[in-house]
$ cat protein_14.txt   # compact mmCIF, C-alpha atoms and all ligand atoms
# COMPACT_ATOMS: atom_id res chain seq x y z
CA MET A 1 -8.31 -20.92 -25.24
CA ILE A 2 -8.56 -19.71 -21.66
CA GLY A 3 -5.80 -21.37 -19.63
CA ILE A 4 -6.59 -22.15 -16.00
CA PHE A 5 -4.36 -23.74 -13.41
CA ASP A 6 -4.50 -24.88 -9.82
CA SER A 7 -2.59 -27.33 -7.67
CA GLY A 8 -5.45 -29.81 -7.96
CA VAL A 9 -9.20 -30.02 -8.33
CA GLY A 10 -9.97 -26.72 -6.56
CA GLY A 11 -9.47 -24.68 -9.73
CA MET A 12 -12.18 -26.77 -11.36
CA THR A 13 -14.65 -24.71 -9.31
CA VAL A 14 -13.27 -21.70 -11.22
CA ALA A 15 -13.39 -23.57 -14.55
CA ARG A 16 -17.00 -24.54 -13.91
CA ALA A 17 -17.98 -20.96 -12.99
CA ILE A 18 -16.25 -19.64 -16.15
CA GLU A 19 -17.94 -22.28 -18.28
CA GLN A 20 -21.31 -21.11 -16.95
CA CYS A 21 -20.60 -17.37 -17.24
CA CYS A 22 -18.77 -17.47 -20.57
CA PRO A 23 -20.21 -20.19 -22.84
CA GLY A 24 -18.41 -20.66 -26.16
CA PHE A 25 -14.97 -19.86 -24.68
CA PRO A 26 -13.02 -23.13 -24.56
CA LEU A 27 -10.84 -23.82 -21.55
CA VAL A 28 -7.60 -25.66 -21.08
CA TYR A 29 -7.27 -26.69 -17.45
CA LEU A 30 -4.26 -27.98 -15.56
CA GLY A 31 -4.50 -29.44 -12.06
CA ASP A 32 -0.97 -30.06 -10.77
CA LEU A 33 -2.01 -32.96 -8.57
CA ALA A 34 1.48 -34.45 -8.60
CA ARG A 35 2.70 -31.49 -6.53
CA SER A 36 -0.46 -30.64 -4.56
CA PRO A 37 -0.93 -29.15 -2.02
CA TYR A 38 0.86 -25.88 -2.87
CA GLY A 39 -0.29 -24.09 0.26
CA SER A 40 2.32 -25.66 2.50
CA LYS A 41 5.22 -25.11 0.05
CA SER A 42 7.66 -22.18 0.02
CA PRO A 43 6.93 -19.12 -2.16
CA ALA A 44 9.96 -19.99 -4.36
CA MET A 45 8.63 -23.49 -4.99
CA ILE A 46 5.07 -22.30 -5.70
CA THR A 47 6.47 -19.71 -8.13
CA GLU A 48 8.45 -22.37 -9.99
CA TYR A 49 5.41 -24.69 -10.23
CA SER A 50 3.30 -21.76 -11.43
CA ARG A 51 5.87 -20.95 -14.11
CA ARG A 52 5.83 -24.54 -15.37
CA ASN A 53 2.03 -24.61 -15.35
CA THR A 54 1.87 -21.37 -17.33
CA GLU A 55 4.39 -22.69 -19.90
CA PHE A 56 2.30 -25.84 -20.29
CA LEU A 57 -0.95 -23.92 -20.81
CA LEU A 58 0.65 -21.56 -23.33
CA LYS A 59 1.92 -24.59 -25.29
CA GLN A 60 -1.65 -25.90 -25.36
CA GLY A 61 -2.79 -22.67 -27.00
CA ALA A 62 -3.92 -20.58 -24.02
CA LYS A 63 -4.09 -16.86 -24.84
CA LEU A 64 -5.05 -15.74 -21.35
CA ILE A 65 -4.15 -17.32 -18.02
CA VAL A 66 -6.38 -17.57 -14.97
CA ILE A 67 -4.48 -18.36 -11.79
CA ALA A 68 -7.23 -20.41 -10.17
CA CYS A 69 -5.23 -21.00 -7.03
CA ASN A 70 -5.02 -18.45 -4.22
CA SER A 71 -1.72 -19.90 -3.00
CA ALA A 72 -0.17 -19.36 -6.45
CA ALA A 73 -1.90 -16.00 -6.95
CA SER A 74 -0.66 -14.65 -3.63
CA THR A 75 2.96 -15.66 -4.20
CA ALA A 76 3.63 -16.06 -7.93
CA SER A 77 1.45 -13.51 -9.74
CA PRO A 78 4.06 -10.66 -9.78
CA PHE A 79 6.58 -13.09 -11.33
CA LEU A 80 4.11 -14.40 -13.92
CA ARG A 81 2.91 -10.91 -14.84
CA SER A 82 6.46 -9.69 -15.37
CA HIS A 83 7.52 -12.72 -17.44
CA TYR A 84 4.59 -13.23 -19.79
CA HIS A 85 2.93 -10.70 -22.06
CA GLN A 86 -0.38 -12.60 -22.08
CA SER A 87 -3.21 -11.34 -19.86
CA ILE A 88 -3.05 -12.96 -16.45
CA ILE A 89 -5.93 -12.73 -14.05
CA ASP A 90 -6.17 -14.17 -10.59
CA VAL A 91 -8.72 -15.05 -7.94
CA ILE A 92 -7.73 -12.47 -5.34
CA HIS A 93 -8.65 -9.08 -6.79
CA PRO A 94 -12.27 -9.95 -7.71
CA ALA A 95 -12.95 -11.51 -4.28
CA VAL A 96 -11.48 -8.47 -2.51
CA THR A 97 -13.60 -6.06 -4.57
CA LYS A 98 -16.77 -7.98 -3.81
CA ALA A 99 -16.06 -8.41 -0.08
CA ALA A 100 -15.21 -4.72 0.35
CA ALA A 101 -18.45 -3.79 -1.41
CA VAL A 102 -20.84 -6.09 0.47
CA SER A 103 -19.43 -6.05 4.00
CA ARG A 104 -21.94 -4.16 6.18
CA ARG A 105 -19.69 -3.42 9.17
CA GLY A 106 -16.28 -3.91 7.54
CA ARG A 107 -15.49 -7.02 9.58
CA ILE A 108 -14.08 -9.39 7.01
CA GLY A 109 -12.71 -12.88 7.57
CA ILE A 110 -10.47 -14.81 5.19
CA ILE A 111 -9.76 -18.49 5.20
CA GLY A 112 -7.04 -19.95 3.00
CA THR A 113 -3.93 -22.05 2.86
CA ARG A 114 -0.86 -21.16 4.88
CA ALA A 115 0.84 -19.72 1.79
CA THR A 116 -2.11 -17.43 1.06
CA ILE A 117 -2.58 -16.26 4.64
CA ASN A 118 1.15 -15.79 5.26
CA SER A 119 1.46 -13.66 2.12
CA GLY A 120 -0.84 -11.05 3.72
CA LEU A 121 -2.04 -10.10 0.25
CA TYR A 122 -5.77 -10.23 1.01
CA GLU A 123 -5.38 -7.90 4.03
CA GLN A 124 -3.19 -5.54 2.01
CA ARG A 125 -5.67 -5.37 -0.89
CA LEU A 126 -8.72 -5.10 1.39
CA HIS A 127 -7.17 -2.20 3.30
CA ALA A 128 -6.29 -0.51 0.01
CA VAL A 129 -9.92 -0.52 -1.17
CA ARG A 130 -11.59 -0.18 2.22
CA PRO A 131 -9.22 1.37 4.76
CA ASP A 132 -11.76 1.22 7.61
CA CYS A 133 -12.19 -2.58 7.47
CA LYS A 134 -11.00 -5.01 10.14
CA VAL A 135 -9.57 -8.15 8.57
CA HIS A 136 -9.22 -11.47 10.38
CA SER A 137 -7.34 -14.29 8.69
CA GLN A 138 -7.24 -17.97 9.42
CA ALA A 139 -4.98 -20.53 7.75
CA CYS A 140 -6.74 -23.89 7.30
CA PRO A 141 -3.98 -26.25 6.11
CA LEU A 142 -5.98 -29.44 6.61
CA LEU A 143 -8.86 -28.52 4.32
CA VAL A 144 -7.21 -28.98 0.91
CA PRO A 145 -6.11 -32.59 1.62
CA LEU A 146 -9.61 -33.37 2.96
CA VAL A 147 -11.20 -32.03 -0.23
CA GLU A 148 -8.71 -33.84 -2.49
CA GLU A 149 -9.57 -37.01 -0.57
CA GLY A 150 -13.27 -36.44 -1.28
CA TRP A 151 -14.11 -36.09 2.43
CA LEU A 152 -16.59 -33.30 1.79
CA GLU A 153 -19.34 -34.25 4.24
CA ARG A 154 -17.48 -36.42 6.75
CA ARG A 155 -17.96 -35.86 10.46
CA GLU A 156 -14.20 -35.32 10.88
CA THR A 157 -14.24 -32.61 8.20
CA LYS A 158 -17.13 -30.83 9.93
CA MET A 159 -15.24 -30.88 13.24
CA ILE A 160 -12.10 -29.47 11.67
CA VAL A 161 -14.03 -26.75 9.84
CA LYS A 162 -15.76 -25.79 13.10
CA LYS A 163 -12.41 -25.53 14.88
CA TYR A 164 -10.90 -23.34 12.15
CA LEU A 165 -13.92 -21.04 12.03
CA HIS A 166 -14.21 -20.59 15.79
CA PRO A 167 -11.80 -17.59 16.06
CA LEU A 168 -13.57 -15.84 13.16
CA ARG A 169 -16.97 -16.34 14.82
CA ASP A 170 -15.52 -14.80 17.98
CA LYS A 171 -14.48 -11.73 15.98
CA GLN A 172 -18.07 -11.39 14.72
CA ILE A 173 -17.17 -11.10 11.08
CA ASP A 174 -20.00 -10.20 8.72
CA THR A 175 -18.29 -11.40 5.52
CA LEU A 176 -16.12 -14.46 4.89
CA ILE A 177 -13.87 -14.83 1.85
CA LEU A 178 -13.26 -18.40 0.75
CA GLY A 179 -9.63 -17.66 -0.12
CA CYS A 180 -8.93 -21.07 -1.59
CA THR A 181 -10.58 -22.51 -4.67
CA HIS A 182 -11.02 -25.87 -2.95
CA TYR A 183 -13.30 -24.38 -0.31
CA PRO A 184 -16.46 -23.89 -2.42
CA LEU A 185 -16.70 -27.68 -2.23
CA LEU A 186 -17.06 -27.28 1.54
CA LYS A 187 -19.55 -24.42 1.40
CA LYS A 188 -22.39 -26.53 2.80
CA THR A 189 -20.18 -27.41 5.77
CA ILE A 190 -18.79 -23.90 6.22
CA ALA A 191 -22.03 -21.86 5.98
CA PRO A 192 -23.86 -23.17 9.07
CA ARG A 193 -20.66 -23.15 11.14
CA ILE A 194 -19.76 -19.53 10.45
CA GLY A 195 -23.38 -18.44 10.93
CA ARG A 196 -26.17 -17.81 8.46
CA LYS A 197 -25.86 -14.02 8.75
CA VAL A 198 -22.31 -14.02 7.37
CA ASP A 199 -22.00 -13.34 3.64
CA ILE A 200 -19.75 -15.89 1.99
CA ILE A 201 -17.64 -14.69 -0.93
CA ASP A 202 -16.60 -17.44 -3.28
CA SER A 203 -13.43 -16.39 -5.11
CA SER A 204 -14.28 -18.86 -7.93
CA VAL A 205 -17.55 -17.16 -8.81
CA GLU A 206 -16.05 -13.67 -8.49
CA VAL A 207 -13.15 -14.40 -10.85
CA ALA A 208 -15.57 -15.83 -13.44
CA LEU A 209 -17.71 -12.68 -13.28
CA HIS A 210 -14.57 -10.54 -13.55
CA LEU A 211 -13.45 -12.47 -16.64
CA LYS A 212 -16.89 -12.07 -18.17
CA SER A 213 -16.73 -8.30 -17.70
CA ILE A 214 -13.29 -8.25 -19.39
CA LEU A 215 -14.61 -10.28 -22.33
CA ASP A 216 -17.68 -8.04 -22.59
CA THR A 217 -15.55 -4.91 -22.90
CA ASP A 218 -12.48 -6.12 -24.85
CA ALA A 219 -13.74 -6.97 -28.33
CA ASP A 220 -10.30 -8.08 -29.63
CA LEU A 221 -9.76 -10.51 -26.77
CA ARG A 222 -13.30 -11.77 -27.14
CA ALA A 223 -12.80 -12.43 -30.86
CA GLU A 224 -9.50 -14.20 -30.15
CA LEU A 225 -10.96 -16.49 -27.49
CA TYR A 226 -14.51 -17.18 -28.70
CA ARG A 227 -14.35 -20.62 -30.33
CA PRO A 228 -17.62 -22.42 -29.63
CA GLU A 229 -16.59 -25.33 -31.86
CA THR A 230 -13.42 -26.09 -29.82
CA PRO A 231 -13.86 -28.48 -26.87
CA SER A 232 -12.36 -27.70 -23.49
CA ARG A 233 -9.55 -29.95 -22.23
CA PHE A 234 -8.74 -30.95 -18.67
CA PHE A 235 -5.22 -32.06 -17.75
CA VAL A 236 -3.87 -33.37 -14.47
CA SER A 237 -0.26 -34.18 -13.59
CA ASP A 238 -1.36 -37.16 -11.50
CA MET A 239 -4.56 -39.13 -11.31
CA PRO A 240 -5.26 -40.22 -7.72
CA SER A 241 -8.46 -42.27 -7.44
CA PRO A 242 -10.88 -39.65 -5.96
CA VAL A 243 -10.18 -37.17 -8.77
CA HIS A 244 -12.76 -38.46 -11.25
CA ALA A 245 -15.58 -38.39 -8.71
CA LEU A 246 -14.61 -34.90 -7.55
CA ALA A 247 -14.45 -33.57 -11.10
CA ALA A 248 -17.88 -35.06 -11.79
CA THR A 249 -19.26 -33.48 -8.59
CA ILE A 250 -17.92 -30.06 -9.59
CA PHE A 251 -19.08 -30.14 -13.22
CA GLY A 252 -22.25 -32.16 -12.67
CA ARG A 253 -21.15 -34.55 -15.42
CA PRO A 254 -18.25 -36.96 -16.06
CA VAL A 255 -15.14 -35.11 -17.25
CA LEU A 256 -12.44 -36.59 -19.46
CA LEU A 257 -9.16 -36.07 -17.61
CA GLU A 258 -5.88 -36.34 -19.52
CA GLN A 259 -2.68 -37.10 -17.63
CA THR A 260 0.41 -35.09 -18.48
CA ASP A 261 3.90 -34.28 -17.17
CA VAL A 262 4.50 -30.66 -16.27
N1 LIG A 301 -6.91 -24.28 -4.58
C1 LIG A 301 -5.66 -23.82 -4.03
C2 LIG A 301 -5.83 -22.41 -3.49
O1 LIG A 301 -6.73 -21.71 -3.93
C3 LIG A 301 -5.19 -24.84 -3.05
C4 LIG A 301 -3.83 -24.70 -2.74
C5 LIG A 301 -3.07 -25.91 -2.28
O2 LIG A 301 -2.77 -26.77 -3.10
O3 LIG A 301 -2.71 -25.91 -1.10
O4 LIG A 301 -5.07 -21.92 -2.68
$ encode --input "protein_14.txt" --output "structure tokens"
Amino acid sequence: MIGIFDSGVGGMTVARAIEQCCPGFPLVYLGDLARSPYGSKSPAMITEYSRRNTEFLLKQGAKLIVIACNSAASTASPFLRSHYHQSIIDVIHPAVTKAAAVSRRGRIGIIGTRATINSGLYEQRLHAVRPDCKVHSQACPLLVPLVEEGWLERRETKMIVKKYLHPLRDKQIDTLILGCTHYPLLKKTIAPRIGRKVDIIDSSVEVALHLKSILDTDADLRAELYRPETPSRFFVSDMPSPVHALAATIFGRPVLLEQTDV
């Protein structure tokens, strides 16, 4: 199975994109809602949660891990890669590759949690692949709780999004990376407020396409993971009331959520 984890429902946007790109590859998903949000926690804490999540997914039969959380990817991926021999892919590299390729004037904005922005990993990676680019980052700590609350189209959410995007508009970015897997749920709110001419890069879609290209080229991994008869499973470490509706919005169908301790 393909193991996927996030602090909450955001990683379901990744799970959904993978489901669409890679049919027949069952998923085991873990949303660590009991400890969400990760983005305001210390790197040491996020690394420990990520370790527990990975252990859980491996016990469920995952053969490959997708870190579907930018906060975890930007702080815990070196630890996870050095401790586990399984393939581990994360949301950051595919989004960086895409943004560097499509940006017309090299003016790239990133929005994410505090943990992701403070890590500086997006800037570092963007400069490595496109040294001429100007990167502008904005931490948006209020957005994950608003999404987890299901406040996707509320007036208050629109006002907060506008305030966060204002400095990036001033910098005249041409490309915006949604550096948090919760943010695709706010795309309709974000797009008009950053400006229609700005290309929006959704890290969820990019990681799914990246995984598809890995599966297309690695026949052994493909054979190990392709199990069309096995159903996907979705675990959460807590079940606050908006979670079912959000999962149904993301997948376009009701999703059976199983509660577990991590
Ligand atoms: N979806 C997670 C991310 O991509 C949200 C992190 C959080 O829980 O703060 O960063």
$ residues_around --input "protein_14.txt" --residues "region 247-253 of chain A" --least-positions-apart "3" --cutoff "8 Å" --atoms "all atoms listed in the file" --output "PDB file with C-alpha atoms, in the frame of the given file"
ATOM      1  CA  VAL A   9      -9.200 -30.020  -8.330  1.00  0.00           C
ATOM      2  CA  MET A  12     -12.180 -26.770 -11.360  1.00  0.00           C
ATOM      3  CA  THR A  13     -14.650 -24.710  -9.310  1.00  0.00           C
ATOM      4  CA  ARG A  16     -17.000 -24.540 -13.910  1.00  0.00           C
ATOM      5  CA  LEU A 185     -16.700 -27.680  -2.230  1.00  0.00           C
ATOM      6  CA  VAL A 243     -10.180 -37.170  -8.770  1.00  0.00           C
ATOM      7  CA  HIS A 244     -12.760 -38.460 -11.250  1.00  0.00           C
TER       8      HIS A 244
END
$ atom_distance --input "protein_14.txt" --atom1 "CA of Leu256 (chain A)" --atom2 "CA of Phe234 (chain A)"
6.8 Å
$ atom_distance --input "protein_14.txt" --atom1 "CA of Val236 (chain A)" --atom2 "CA of Asp261 (chain A)"
8.3 Å
$ atom_distance --input "protein_14.txt" --atom1 "CA of Tyr38 (chain A)" --atom2 "CA of Ser71 (chain A)"
6.5 Å
$ residues_near_point --input "protein_14.txt" --point "(-8.4, -14.7, 16.5)" --cutoff "7 Å" --atoms "only C-alpha atoms" --output "PyMOL selection string"
chain A and resi 136+167-168+171
$ write_last_selection --input "protein_14.txt" --atoms "C-alpha atoms" --output "compact mmCIF listing (two decimals), in the frame of the given file"
# COMPACT_ATOMS: atom_id res chain seq x y z
CA HIS A 136 -9.22 -11.47 10.38
CA PRO A 167 -11.80 -17.59 16.06
CA LEU A 168 -13.57 -15.84 13.16
CA LYS A 171 -14.48 -11.73 15.98
$ residues_near_point --input "protein_14.txt" --point "(-9.5, -31.7, -22.0)" --cutoff "12 Å" --atoms "all atoms listed in the file" --output "count of residues only"
26
$ residues_around --input "protein_14.txt" --residues "Gln138 (chain A)" --least-positions-apart "2" --cutoff "12 Å" --atoms "only C-alpha atoms" --output "PyMOL selection string"
chain A and resi 108-118+120+122-123+135-136+140-143+161+163-169+171+176-180
$ residues_near_ligand --input "protein_14.txt" --ligand "ligand LIG 301 (chain A)" --cutoff "6 Å" --atoms "all atoms listed in the file" --output "PyMOL selection string"
chain A and resi 6-7+10-11+36-39+69-71+113+144+180-182
$ closest_residue --input "protein_14.txt" --among "A:Ala223, A:Val66, A:Ala128, A:Ala17" --to "Ser204 (chain A)" --atoms "all atoms listed in the file"
A:Ala17
$ closest_atom_pairs --input "protein_14.txt" --of "region 66-96 of chain A" --to "region 50-53 of chain A" --cutoff "7 Å" --atoms "all atoms listed in the file" --output "Markdown table"
| residue | atom | partner | partner_atom | distance |
| --- | --- | --- | --- | --- |
| A:Ala72 | CA | A:Ser50 | CA | 6.5 |
| A:Ala76 | CA | A:Ser50 | CA | 6.7 |
| A:Leu80 | CA | A:Arg51 | CA | 6.8 |
$ residues_around --input "protein_14.txt" --residues "Leu211 (chain A)" --least-positions-apart "2" --cutoff "9 Å" --atoms "only C-alpha atoms" --output "list in words"
Ile18, Cys21, Cys22, Val66, Ile89, Glu206, Val207, Ala208, Leu209, Ser213, Ile214, Leu215 and Asp216 of chain A
$ closest_residue --input "protein_14.txt" --among "A:Thr189, A:Lys41, A:Gly61, A:Val14" --to "Arg155 (chain A)" --atoms "all atoms listed in the file"
A:Thr189
$ axis_aligned_box --input "protein_14.txt" --around "region 122-134 of chain A" --padding-each-side "3 Å" --output "AutoDock Vina command-line options"
--center_x -7.7 --center_y -4.4 --center_z 4.5 --size_x 15.0 --size_y 17.6 --size_z 17.3
$ closest_residue --input "protein_14.txt" --among "A:Met45, A:Leu64, A:Ala34, A:Val129" --to "Arg222 (chain A)" --atoms "only C-alpha atoms"
A:Leu64
$ closest_residue --input "protein_14.txt" --among "A:Ser241, A:Ser42, A:Ser77, A:Thr175" --to "Ala99 (chain A)" --atoms "only C-alpha atoms"
A:Thr175
$ closest_residue --input "protein_14.txt" --among "A:Pro228, A:Pro145, A:Gly150, A:Gly106" --to "Asp199 (chain A)" --atoms "only C-alpha atoms"
A:Gly106
$ build_atoms --input "protein_14.txt" --residues "region 56-78 of chain A" --atoms "N, CA, C and O atoms" --output "short mmCIF file (atom, residue, chain, number, x, y, z; two decimals), keeping the file's coordinate frame"
data_model
loop_
_atom_site.label_atom_id
_atom_site.label_comp_id
_atom_site.auth_asym_id
_atom_site.auth_seq_id
_atom_site.Cartn_x
_atom_site.Cartn_y
_atom_site.Cartn_z
N PHE A 56 3.09 -24.73 -19.76
CA PHE A 56 2.30 -25.84 -20.29
C PHE A 56 1.03 -25.31 -20.96
O PHE A 56 0.69 -25.70 -22.08
N LEU A 57 0.33 -24.43 -20.28
CA LEU A 57 -0.95 -23.92 -20.81
C LEU A 57 -0.72 -23.11 -22.09
O LEU A 57 -1.50 -23.21 -23.04
N LEU A 58 0.37 -22.34 -22.12
CA LEU A 58 0.65 -21.56 -23.33
C LEU A 58 0.93 -22.50 -24.51
O LEU A 58 0.47 -22.27 -25.62
N LYS A 59 1.65 -23.59 -24.23
CA LYS A 59 1.92 -24.59 -25.29
C LYS A 59 0.64 -25.22 -25.80
O LYS A 59 0.54 -25.64 -26.95
N GLN A 60 -0.35 -25.32 -24.94
CA GLN A 60 -1.65 -25.90 -25.36
C GLN A 60 -2.52 -24.90 -26.10
O GLN A 60 -3.65 -25.20 -26.46
N GLY A 61 -2.04 -23.66 -26.24
CA GLY A 61 -2.79 -22.67 -27.00
C GLY A 61 -3.54 -21.65 -26.16
O GLY A 61 -4.38 -20.92 -26.69
N ALA A 62 -3.24 -21.59 -24.85
CA ALA A 62 -3.92 -20.58 -24.02
C ALA A 62 -3.46 -19.18 -24.42
O ALA A 62 -2.27 -18.95 -24.65
N LYS A 63 -4.42 -18.26 -24.50
CA LYS A 63 -4.09 -16.86 -24.84
C LYS A 63 -4.25 -15.96 -23.63
O LYS A 63 -3.93 -14.78 -23.68
N LEU A 64 -4.83 -16.50 -22.60
CA LEU A 64 -5.05 -15.74 -21.35
C LEU A 64 -4.94 -16.77 -20.23
O LEU A 64 -5.36 -17.91 -20.40
N ILE A 65 -4.34 -16.36 -19.12
CA ILE A 65 -4.15 -17.32 -18.02
C ILE A 65 -4.96 -16.87 -16.80
O ILE A 65 -4.90 -15.71 -16.40
N VAL A 66 -5.69 -17.82 -16.23
CA VAL A 66 -6.38 -17.57 -14.97
C VAL A 66 -5.65 -18.37 -13.89
O VAL A 66 -5.57 -19.60 -13.98
N ILE A 67 -5.11 -17.66 -12.91
CA ILE A 67 -4.48 -18.36 -11.79
C ILE A 67 -5.61 -18.73 -10.82
O ILE A 67 -6.08 -17.90 -10.04
N ALA A 68 -6.06 -19.98 -10.93
CA ALA A 68 -7.23 -20.41 -10.17
C ALA A 68 -6.83 -21.03 -8.84
O ALA A 68 -7.44 -22.01 -8.38
N CYS A 69 -5.79 -20.48 -8.27
CA CYS A 69 -5.23 -21.00 -7.03
C CYS A 69 -4.79 -19.79 -6.22
O CYS A 69 -3.93 -19.03 -6.66
N ASN A 70 -5.38 -19.61 -5.05
CA ASN A 70 -5.02 -18.45 -4.22
C ASN A 70 -3.57 -18.54 -3.76
O ASN A 70 -2.89 -17.52 -3.65
N SER A 71 -3.11 -19.74 -3.48
CA SER A 71 -1.72 -19.90 -3.00
C SER A 71 -0.74 -19.43 -4.08
O SER A 71 0.24 -18.74 -3.79
N ALA A 72 -1.03 -19.79 -5.34
CA ALA A 72 -0.17 -19.36 -6.45
C ALA A 72 -0.37 -17.86 -6.72
O ALA A 72 0.60 -17.13 -6.93
N ALA A 73 -1.63 -17.41 -6.66
CA ALA A 73 -1.90 -16.00 -6.95
C ALA A 73 -1.21 -15.10 -5.93
O ALA A 73 -0.66 -14.05 -6.28
N SER A 74 -1.21 -15.53 -4.66
CA SER A 74 -0.66 -14.65 -3.63
C SER A 74 0.86 -14.66 -3.59
O SER A 74 1.47 -13.79 -2.98
N THR A 75 1.49 -15.63 -4.25
CA THR A 75 2.96 -15.66 -4.20
C THR A 75 3.60 -15.47 -5.59
O THR A 75 4.63 -14.84 -5.70
N ALA A 76 2.95 -16.01 -6.63
CA ALA A 76 3.63 -16.06 -7.93
C ALA A 76 3.10 -15.05 -8.95
O ALA A 76 3.71 -14.90 -10.01
N SER A 77 2.00 -14.35 -8.65
CA SER A 77 1.45 -13.51 -9.74
C SER A 77 2.39 -12.38 -10.17
O SER A 77 2.47 -12.11 -11.37
N PRO A 78 3.16 -11.70 -9.27
CA PRO A 78 4.06 -10.66 -9.78
C PRO A 78 5.08 -11.25 -10.77
O PRO A 78 5.35 -10.69 -11.83
#
